[in-house]
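Data block for start-v6.cif (mmCIF, C-alpha atoms):
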```cif
data_coords
#
loop_
_atom_site.label_atom_id
_atom_site.label_comp_id
_atom_site.auth_asym_id
_atom_site.auth_seq_id
_atom_site.Cartn_x
_atom_site.Cartn_y
_atom_site.Cartn_z
CA GLY A 1150 25.37 109.26 15.82
CA ASP A 1151 21.65 109.21 15.34
CA SER A 1152 19.51 109.61 18.44
CA VAL A 1153 15.96 110.13 19.66
CA THR A 1154 14.87 112.25 22.60
CA GLN A 1155 11.38 112.05 24.01
CA MET A 1156 9.73 113.74 26.95
CA GLU A 1157 10.12 112.06 30.27
CA GLY A 1158 7.10 110.68 32.00
CA PRO A 1159 5.05 109.57 33.51
CA VAL A 1160 2.23 111.44 31.88
CA THR A 1161 -0.97 111.24 33.90
CA LEU A 1162 -4.26 112.29 32.28
CA SER A 1163 -7.97 111.99 32.85
CA GLU A 1164 -10.10 110.21 30.30
CA GLU A 1165 -11.00 112.40 27.28
CA ALA A 1166 -8.05 114.74 27.85
CA PHE A 1167 -5.75 115.84 25.01
CA LEU A 1168 -2.41 114.06 24.75
CA THR A 1169 0.91 115.28 23.42
CA ILE A 1170 4.15 113.35 23.78
CA ASN A 1171 7.13 115.23 22.40
CA CYS A 1172 9.81 113.54 20.31
CA THR A 1173 12.80 115.10 18.62
CA TYR A 1174 15.55 113.40 16.71
CA THR A 1175 19.12 113.87 15.52
CA ALA A 1176 20.07 112.14 12.32
CA THR A 1177 22.05 112.52 9.15
CA GLY A 1178 20.11 111.93 6.01
CA TYR A 1179 16.38 111.30 5.91
CA PRO A 1180 15.27 108.74 8.47
CA SER A 1181 11.92 107.05 8.76
CA LEU A 1182 10.15 107.83 12.04
CA PHE A 1183 7.96 105.59 14.14
CA TRP A 1184 5.88 105.45 17.26
CA TYR A 1185 5.67 102.10 19.00
CA VAL A 1186 3.37 101.24 21.92
CA GLN A 1187 3.95 98.70 24.66
CA TYR A 1188 0.97 97.58 26.70
CA PRO A 1189 1.63 96.07 30.14
CA GLY A 1190 3.30 92.68 29.91
CA GLU A 1191 3.54 92.72 26.13
CA GLY A 1192 6.07 93.39 23.41
CA LEU A 1193 6.18 96.50 21.28
CA GLN A 1194 3.65 97.14 18.54
CA LEU A 1195 3.97 99.58 15.69
CA LEU A 1196 1.48 102.40 16.26
CA LEU A 1197 2.21 104.69 13.32
CA LYS A 1198 4.98 105.75 10.99
CA ALA A 1199 6.12 108.44 8.57
CA THR A 1200 8.78 107.99 5.96
CA LYS A 1201 9.36 111.52 4.65
CA ALA A 1202 9.05 115.15 5.63
CA ASP A 1203 5.50 116.49 6.14
CA ASP A 1204 4.04 112.97 6.16
CA LYS A 1205 1.39 112.42 8.82
CA GLY A 1206 1.09 109.00 10.37
CA SER A 1207 -2.17 108.07 12.05
CA ASN A 1208 -3.73 105.07 13.76
CA LYS A 1209 -6.35 104.46 16.48
CA GLY A 1210 -6.92 108.22 16.87
CA PHE A 1211 -3.21 108.95 17.33
CA GLU A 1212 -1.38 111.24 14.93
CA ALA A 1213 2.18 112.43 14.38
CA THR A 1214 3.64 114.67 11.67
CA TYR A 1215 7.22 114.40 10.40
CA ARG A 1216 8.64 117.92 10.78
CA LYS A 1217 12.07 118.14 9.22
CA GLU A 1218 12.51 121.84 10.01
CA THR A 1219 12.15 121.20 13.75
CA THR A 1220 13.40 117.57 13.63
CA SER A 1221 10.31 116.51 15.53
CA PHE A 1222 7.64 113.80 15.45
CA HIS A 1223 5.28 114.61 18.32
CA LEU A 1224 2.51 112.14 19.15
CA GLU A 1225 -1.01 113.54 19.69
CA LYS A 1226 -4.46 112.25 20.48
CA GLY A 1227 -7.52 114.39 20.94
CA SER A 1228 -9.31 112.30 23.56
CA VAL A 1229 -7.48 109.58 25.45
CA GLN A 1230 -9.10 106.49 26.93
CA VAL A 1231 -8.14 104.32 29.88
CA SER A 1232 -7.17 101.63 27.37
CA ASP A 1233 -4.46 103.94 26.00
CA SER A 1234 -2.43 103.51 29.18
CA ALA A 1235 0.89 102.13 28.00
CA VAL A 1236 4.52 103.02 27.32
CA TYR A 1237 5.11 104.91 24.08
CA PHE A 1238 8.42 104.82 22.22
CA CYS A 1239 9.56 107.14 19.48
CA ALA A 1240 12.05 105.56 17.08
CA LEU A 1241 13.93 106.18 13.87
CA ASN A 1242 15.87 104.24 11.33
CA GLN A 1243 17.66 104.74 8.09
CA ALA A 1244 18.30 102.37 5.25
CA GLY A 1245 20.69 99.65 6.36
CA THR A 1246 20.67 100.48 10.06
CA ALA A 1247 18.76 99.20 13.06
CA LEU A 1248 15.89 100.94 14.81
CA ILE A 1249 17.02 103.50 17.39
CA PHE A 1250 14.60 104.11 20.24
CA GLY A 1251 13.92 106.90 22.66
CA LYS A 1252 13.71 106.03 26.35
CA GLY A 1253 9.95 105.70 26.36
CA THR A 1254 7.14 107.70 27.96
CA THR A 1255 4.67 106.08 30.32
CA LEU A 1256 1.07 107.24 29.90
CA SER A 1257 -1.47 106.61 32.63
CA VAL A 1258 -5.11 107.49 31.97
CA SER A 1259 -7.67 107.45 34.75
CA SER A 1260 -11.46 107.38 34.49
CA ASN B 1026 -0.24 82.95 13.88
CA ALA B 1027 2.70 84.42 12.02
CA GLY B 1028 5.08 86.37 14.16
CA VAL B 1029 8.08 86.26 16.47
CA THR B 1030 8.14 83.65 19.23
CA GLN B 1031 10.39 84.01 22.25
CA THR B 1032 11.03 81.41 24.92
CA PRO B 1033 11.11 81.29 27.86
CA LYS B 1034 8.88 84.13 29.05
CA PHE B 1035 10.48 84.21 32.49
CA GLN B 1036 13.82 82.95 33.80
CA VAL B 1037 15.80 83.22 37.01
CA LEU B 1038 19.51 82.48 36.88
CA LYS B 1039 22.28 82.40 39.41
CA THR B 1040 25.37 84.48 38.82
CA GLY B 1041 27.78 82.59 36.59
CA GLN B 1042 25.20 80.31 34.99
CA SER B 1043 24.76 80.21 31.23
CA MET B 1044 21.58 80.01 29.21
CA THR B 1045 20.11 80.57 25.77
CA LEU B 1046 17.13 82.76 24.97
CA GLN B 1047 15.30 81.44 21.95
CA CYS B 1048 13.80 83.51 19.15
CA ALA B 1049 12.03 82.17 16.07
CA GLN B 1050 10.10 83.89 13.28
CA ASP B 1051 8.01 82.43 10.49
CA MET B 1052 7.77 85.45 8.20
CA ASN B 1053 10.92 84.71 6.20
CA HIS B 1054 12.45 87.94 7.47
CA GLU B 1055 16.14 88.39 6.72
CA TYR B 1056 16.81 90.83 9.52
CA MET B 1057 16.64 89.83 13.20
CA SER B 1058 17.82 91.64 16.29
CA TRP B 1059 17.96 91.45 20.05
CA TYR B 1060 17.22 94.39 22.36
CA ARG B 1061 17.27 94.73 26.09
CA GLN B 1062 14.84 97.01 27.91
CA ASP B 1063 15.80 98.59 31.20
CA PRO B 1064 13.91 101.23 33.22
CA GLY B 1065 14.73 104.73 32.02
CA MET B 1066 17.00 103.40 29.26
CA GLY B 1067 14.57 102.54 26.50
CA LEU B 1068 15.57 99.67 24.23
CA ARG B 1069 19.23 99.11 23.46
CA LEU B 1070 20.47 96.93 20.63
CA ILE B 1071 22.57 93.93 21.67
CA HIS B 1072 23.24 92.01 18.44
CA TYR B 1073 21.68 91.78 15.04
CA SER B 1074 21.76 89.64 11.93
CA VAL B 1075 21.08 90.58 8.32
CA GLY B 1076 20.77 86.99 7.17
CA ALA B 1077 21.76 83.39 7.87
CA GLY B 1078 25.45 83.17 8.75
CA ILE B 1079 25.84 86.93 9.28
CA THR B 1080 25.80 88.60 12.70
CA ASP B 1081 27.12 91.85 14.12
CA GLN B 1082 27.30 93.74 17.38
CA GLY B 1083 24.96 96.45 18.51
CA GLU B 1084 25.28 99.02 21.25
CA VAL B 1085 25.64 96.68 24.25
CA PRO B 1086 27.08 93.31 23.08
CA ASN B 1087 29.35 92.42 26.00
CA GLY B 1088 28.42 89.20 27.77
CA TYR B 1089 26.22 87.95 24.93
CA ASN B 1090 26.79 85.70 21.93
CA VAL B 1091 24.58 85.05 18.92
CA SER B 1092 24.56 82.82 15.86
CA ARG B 1093 22.25 82.58 12.85
CA SER B 1094 22.35 79.14 11.28
CA THR B 1095 18.86 79.43 9.73
CA THR B 1096 16.65 82.28 8.56
CA GLU B 1097 14.06 81.40 11.19
CA ASP B 1098 16.10 81.24 14.40
CA PHE B 1099 18.28 83.74 16.22
CA PRO B 1100 19.22 82.54 19.73
CA LEU B 1101 20.90 84.80 22.28
CA ARG B 1102 23.41 83.17 24.63
CA LEU B 1103 24.47 84.46 28.02
CA LEU B 1104 27.87 82.93 28.68
CA SER B 1105 28.22 83.71 32.40
CA ALA B 1106 25.23 85.56 33.78
CA ALA B 1107 25.75 88.69 35.88
CA PRO B 1108 23.22 90.73 37.90
CA SER B 1109 23.73 93.60 35.41
CA GLN B 1110 22.07 91.39 32.80
CA THR B 1111 18.78 91.43 34.70
CA SER B 1112 16.46 92.90 32.10
CA VAL B 1113 13.64 92.27 29.69
CA TYR B 1114 14.89 90.96 26.36
CA PHE B 1115 13.06 91.47 23.08
CA CYS B 1116 13.69 89.83 19.76
CA ALA B 1117 12.56 91.68 16.64
CA SER B 1118 12.53 90.90 12.93
CA SER B 1119 11.89 92.69 9.66
CA ARG B 1120 12.49 92.25 5.98
CA SER B 1121 15.50 94.54 6.17
CA PRO B 1122 17.24 96.59 8.86
CA GLY B 1123 16.06 99.82 7.33
CA GLU B 1124 12.45 98.66 7.06
CA GLY B 1125 10.60 101.90 6.51
CA VAL B 1126 7.22 100.53 5.63
CA ARG B 1127 6.01 97.91 8.03
CA GLY B 1128 8.32 98.48 10.94
CA TYR B 1129 9.67 95.68 13.05
CA THR B 1130 7.74 92.74 14.49
CA PHE B 1131 8.55 92.16 18.14
CA GLY B 1132 8.29 89.07 20.29
CA SER B 1133 6.53 89.26 23.63
CA GLY B 1134 9.79 89.35 25.58
CA THR B 1135 11.78 87.30 28.08
CA ARG B 1136 12.04 88.65 31.61
CA LEU B 1137 15.41 87.56 33.02
CA THR B 1138 16.50 87.93 36.62
CA VAL B 1139 20.06 87.14 37.67
CA VAL B 1140 20.57 86.67 41.41
#
```
What is this structure when it is put down as structure tokens?
Amino acid sequence: GDSVTQMEGPVTLSEEAFLTINCTYTATGYPSLFWYVQYPGEGLQLLLKATKADDKGSNKGFEATYRKETTSFHLEKGSVQVSDSAVYFCALNQAGTALIFGKGTTLSVSS
Amino acid sequence: NAGVTQTPKFQVLKTGQSMTLQCAQDMNHEYMSWYRQDPGMGLRLIHYSVGAGITDQGEVPNGYNVSRSTTEDFPLRLLSAAPSQTSVYFCASSRSPGEGVRGYTFGSGTRLTVV
């Protein structure tokens, strides 16, 4: 079945450092890909999305590009802030099926 | 504010007790689902519904029941709580299960502890 694999954390960075969180997927067909973010004590929020190959999703300085050839959707940010500390989930879904999540990556940014 | 409302936010149960986690949305979404979040496991789908009167099982349905009598509400019932059901539960909704545009809207979660 479809699945998502993301790098294990925690990821610990200093403020203004470059962030990459790796995400790869296994799926039949052409899924839509998502990154969700969960701030402490809150539910998940959609961060960005891409619905077809070579699409780039972006939001709040975060970016991810849908790479069909490598089945990847890595999350990047050029300069992280303390306020970016959260758990990040990569997810996919296809028409008619539920969202499938990776296990989540905890990011901790210190000043 | 429009969104998904979950109650209660916190609950402690004794083993063997039953309870219902409430979930309501006011966006007229057809699709609703329940996930549980456990450390190192990500979010796993428990049950879902594609519309009023229609429900189906997800990845980890054992020990849970659901019903969908209205579009707005999708309660999750624990029949006889077990310590393995200690988790954070999230309800989510969208216009369709394969929502590729707006993603899902999540509630703020219910933290359940079974002792």
Please find the residues of chain B near chain A - the criterion being any atom within 10 Å, counting only C-alpha atoms - and write them as JSON, numbers by chain. {"B": [1056, 1057, 1058, 1062, 1063, 1064, 1065, 1066, 1067, 1068, 1069, 1070, 1073, 1075, 1083, 1113, 1114, 1115, 1116, 1117, 1121, 1122, 1123, 1124, 1125, 1126, 1127, 1128, 1129, 1130, 1131, 1132, 1133, 1134, 1135, 1136]}
Go through A:Thr1219, A:Ser1228, A:Ser1234, A:Ser1257 and flag the residue nearest Glu1165 in chain A, using only C-alpha atoms for the distances.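 The shortest atom-to-atom distance to Glu1165 in chain A comes from A:Ser1228.
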From the list B:Ser1074, B:Ser1119, B:Thr1080, B:Ser1112, which residue is nearest Leu1038 in chain B when using all atoms listed in the file?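 Result for the nearest residue to Leu1038 in chain B: B:Ser1112.
Taking only C-alpha atoms into account, Thr1095 in chain B lies nearest to B:Ala1049 out of the set B:Ile1071, B:Ala1107, B:Val1139, B:Ala1049.
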Just the residues within 6 Å of Thr1255 in chain A, please, counting all atoms listed in the file, with nothing from its chain fewer than 6 positions along; format it as a list in words.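 Everything that qualifies: Gly1158, Pro1159, Ala1235 and Val1236 of chain A.
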Kindly output range 1053-1064 of chain B as a PDB file, in the coordinates of the input, after building all heavy atoms.
```pdb
ATOM      1  N   ASN B1053       9.823  84.693   7.161  1.00  0.00           N
ATOM      2  CA  ASN B1053      10.920  84.710   6.200  1.00  0.00           C
ATOM      3  C   ASN B1053      11.661  86.052   6.185  1.00  0.00           C
ATOM      4  O   ASN B1053      12.128  86.506   5.134  1.00  0.00           O
ATOM      5  CB  ASN B1053      10.414  84.366   4.785  1.00  0.00           C
ATOM      6  CG  ASN B1053      11.527  83.836   3.895  1.00  0.00           C
ATOM      7  OD1 ASN B1053      12.453  83.186   4.362  1.00  0.00           O
ATOM      8  ND2 ASN B1053      11.445  84.146   2.615  1.00  0.00           N
ATOM      9  N   HIS B1054      11.739  86.671   7.367  1.00  0.00           N
ATOM     10  CA  HIS B1054      12.450  87.940   7.470  1.00  0.00           C
ATOM     11  C   HIS B1054      13.960  87.696   7.478  1.00  0.00           C
ATOM     12  O   HIS B1054      14.453  86.799   8.160  1.00  0.00           O
ATOM     13  CB  HIS B1054      12.059  88.655   8.760  1.00  0.00           C
ATOM     14  CG  HIS B1054      10.723  89.313   8.671  1.00  0.00           C
ATOM     15  ND1 HIS B1054      10.091  89.850   9.780  1.00  0.00           N
ATOM     16  CD2 HIS B1054       9.905  89.556   7.619  1.00  0.00           C
ATOM     17  CE1 HIS B1054       8.950  90.390   9.409  1.00  0.00           C
ATOM     18  NE2 HIS B1054       8.806  90.212   8.100  1.00  0.00           N
ATOM     19  N   GLU B1055      14.689  88.506   6.739  1.00  0.00           N
ATOM     20  CA  GLU B1055      16.140  88.390   6.720  1.00  0.00           C
ATOM     21  C   GLU B1055      16.779  89.007   7.963  1.00  0.00           C
ATOM     22  O   GLU B1055      17.783  88.557   8.460  1.00  0.00           O
ATOM     23  CB  GLU B1055      16.701  89.075   5.465  1.00  0.00           C
ATOM     24  CG  GLU B1055      16.413  88.331   4.172  1.00  0.00           C
ATOM     25  CD  GLU B1055      17.076  86.954   4.131  1.00  0.00           C
ATOM     26  OE1 GLU B1055      18.224  86.829   4.621  1.00  0.00           O
ATOM     27  OE2 GLU B1055      16.446  85.995   3.641  1.00  0.00           O
ATOM     28  N   TYR B1056      16.186  90.070   8.445  1.00  0.00           N
ATOM     29  CA  TYR B1056      16.810  90.830   9.520  1.00  0.00           C
ATOM     30  C   TYR B1056      16.198  90.443  10.862  1.00  0.00           C
ATOM     31  O   TYR B1056      14.980  90.436  11.014  1.00  0.00           O
ATOM     32  CB  TYR B1056      16.610  92.323   9.293  1.00  0.00           C
ATOM     33  CG  TYR B1056      17.220  93.193  10.371  1.00  0.00           C
ATOM     34  CD1 TYR B1056      18.592  93.385  10.435  1.00  0.00           C
ATOM     35  CD2 TYR B1056      16.430  93.810  11.335  1.00  0.00           C
ATOM     36  CE1 TYR B1056      19.166  94.170  11.421  1.00  0.00           C
ATOM     37  CE2 TYR B1056      16.980  94.584  12.330  1.00  0.00           C
ATOM     38  CZ  TYR B1056      18.348  94.769  12.365  1.00  0.00           C
ATOM     39  OH  TYR B1056      18.905  95.537  13.349  1.00  0.00           O
ATOM     40  N   MET B1057      17.085  90.111  11.840  1.00  0.00           N
ATOM     41  CA  MET B1057      16.640  89.830  13.200  1.00  0.00           C
ATOM     42  C   MET B1057      17.571  90.533  14.168  1.00  0.00           C
ATOM     43  O   MET B1057      18.757  90.752  13.876  1.00  0.00           O
ATOM     44  CB  MET B1057      16.618  88.326  13.474  1.00  0.00           C
ATOM     45  CG  MET B1057      15.636  87.574  12.585  1.00  0.00           C
ATOM     46  SD  MET B1057      15.509  85.821  12.971  1.00  0.00           S
ATOM     47  CE  MET B1057      14.559  85.857  14.497  1.00  0.00           C
ATOM     48  N   SER B1058      17.029  90.876  15.323  1.00  0.00           N
ATOM     49  CA  SER B1058      17.820  91.640  16.290  1.00  0.00           C
ATOM     50  C   SER B1058      17.370  91.335  17.701  1.00  0.00           C
ATOM     51  O   SER B1058      16.231  90.879  17.920  1.00  0.00           O
ATOM     52  CB  SER B1058      17.693  93.143  16.000  1.00  0.00           C
ATOM     53  OG  SER B1058      16.338  93.540  15.966  1.00  0.00           O
ATOM     54  N   TRP B1059      18.258  91.591  18.636  1.00  0.00           N
ATOM     55  CA  TRP B1059      17.960  91.450  20.050  1.00  0.00           C
ATOM     56  C   TRP B1059      18.152  92.814  20.729  1.00  0.00           C
ATOM     57  O   TRP B1059      19.181  93.488  20.527  1.00  0.00           O
ATOM     58  CB  TRP B1059      18.897  90.450  20.728  1.00  0.00           C
ATOM     59  CG  TRP B1059      18.491  89.030  20.564  1.00  0.00           C
ATOM     60  CD1 TRP B1059      19.002  88.115  19.682  1.00  0.00           C
ATOM     61  CD2 TRP B1059      17.499  88.335  21.320  1.00  0.00           C
ATOM     62  NE1 TRP B1059      18.384  86.906  19.845  1.00  0.00           N
ATOM     63  CE2 TRP B1059      17.460  87.012  20.849  1.00  0.00           C
ATOM     64  CE3 TRP B1059      16.638  88.706  22.366  1.00  0.00           C
ATOM     65  CZ2 TRP B1059      16.593  86.055  21.377  1.00  0.00           C
ATOM     66  CZ3 TRP B1059      15.786  87.769  22.891  1.00  0.00           C
ATOM     67  CH2 TRP B1059      15.765  86.453  22.397  1.00  0.00           C
ATOM     68  N   TYR B1060      17.156  93.186  21.553  1.00  0.00           N
ATOM     69  CA  TYR B1060      17.220  94.390  22.360  1.00  0.00           C
ATOM     70  C   TYR B1060      17.045  94.010  23.825  1.00  0.00           C
ATOM     71  O   TYR B1060      16.386  93.027  24.149  1.00  0.00           O
ATOM     72  CB  TYR B1060      16.088  95.367  21.991  1.00  0.00           C
ATOM     73  CG  TYR B1060      16.227  96.050  20.648  1.00  0.00           C
ATOM     74  CD1 TYR B1060      15.761  95.444  19.496  1.00  0.00           C
ATOM     75  CD2 TYR B1060      16.781  97.312  20.552  1.00  0.00           C
ATOM     76  CE1 TYR B1060      15.868  96.085  18.266  1.00  0.00           C
ATOM     77  CE2 TYR B1060      16.889  97.962  19.331  1.00  0.00           C
ATOM     78  CZ  TYR B1060      16.430  97.340  18.194  1.00  0.00           C
ATOM     79  OH  TYR B1060      16.525  97.979  16.974  1.00  0.00           O
ATOM     80  N   ARG B1061      17.600  94.841  24.687  1.00  0.00           N
ATOM     81  CA  ARG B1061      17.270  94.730  26.090  1.00  0.00           C
ATOM     82  C   ARG B1061      16.588  96.025  26.536  1.00  0.00           C
ATOM     83  O   ARG B1061      16.924  97.120  26.046  1.00  0.00           O
ATOM     84  CB  ARG B1061      18.484  94.439  26.970  1.00  0.00           C
ATOM     85  CG  ARG B1061      19.613  95.426  26.918  1.00  0.00           C
ATOM     86  CD  ARG B1061      20.736  95.031  27.877  1.00  0.00           C
ATOM     87  NE  ARG B1061      20.339  95.227  29.286  1.00  0.00           N
ATOM     88  CZ  ARG B1061      21.081  94.859  30.327  1.00  0.00           C
ATOM     89  NH1 ARG B1061      22.250  94.258  30.135  1.00  0.00           N
ATOM     90  NH2 ARG B1061      20.658  95.072  31.564  1.00  0.00           N
ATOM     91  N   GLN B1062      15.614  95.874  27.430  1.00  0.00           N
ATOM     92  CA  GLN B1062      14.840  97.010  27.910  1.00  0.00           C
ATOM     93  C   GLN B1062      15.049  97.155  29.406  1.00  0.00           C
ATOM     94  O   GLN B1062      14.744  96.239  30.171  1.00  0.00           O
ATOM     95  CB  GLN B1062      13.353  96.847  27.617  1.00  0.00           C
ATOM     96  CG  GLN B1062      12.518  98.030  28.064  1.00  0.00           C
ATOM     97  CD  GLN B1062      11.041  97.852  27.791  1.00  0.00           C
ATOM     98  OE1 GLN B1062      10.562  96.736  27.598  1.00  0.00           O
ATOM     99  NE2 GLN B1062      10.307  98.949  27.753  1.00  0.00           N
ATOM    100  N   ASP B1063      15.559  98.295  29.801  1.00  0.00           N
ATOM    101  CA  ASP B1063      15.800  98.590  31.200  1.00  0.00           C
ATOM    102  C   ASP B1063      15.107  99.890  31.574  1.00  0.00           C
ATOM    103  O   ASP B1063      15.009 100.802  30.745  1.00  0.00           O
ATOM    104  CB  ASP B1063      17.307  98.711  31.467  1.00  0.00           C
ATOM    105  CG  ASP B1063      18.056  97.456  31.086  1.00  0.00           C
ATOM    106  OD1 ASP B1063      17.845  96.441  31.766  1.00  0.00           O
ATOM    107  OD2 ASP B1063      18.816  97.469  30.103  1.00  0.00           O
ATOM    108  N   PRO B1064      14.632 100.011  32.805  1.00  0.00           N
ATOM    109  CA  PRO B1064      13.910 101.230  33.220  1.00  0.00           C
ATOM    110  C   PRO B1064      14.723 102.488  32.951  1.00  0.00           C
ATOM    111  O   PRO B1064      15.892 102.585  33.332  1.00  0.00           O
ATOM    112  CB  PRO B1064      13.705 100.994  34.726  1.00  0.00           C
ATOM    113  CG  PRO B1064      13.727  99.515  34.894  1.00  0.00           C
ATOM    114  CD  PRO B1064      14.722  99.015  33.889  1.00  0.00           C
TER     115      PRO B1064
END
```
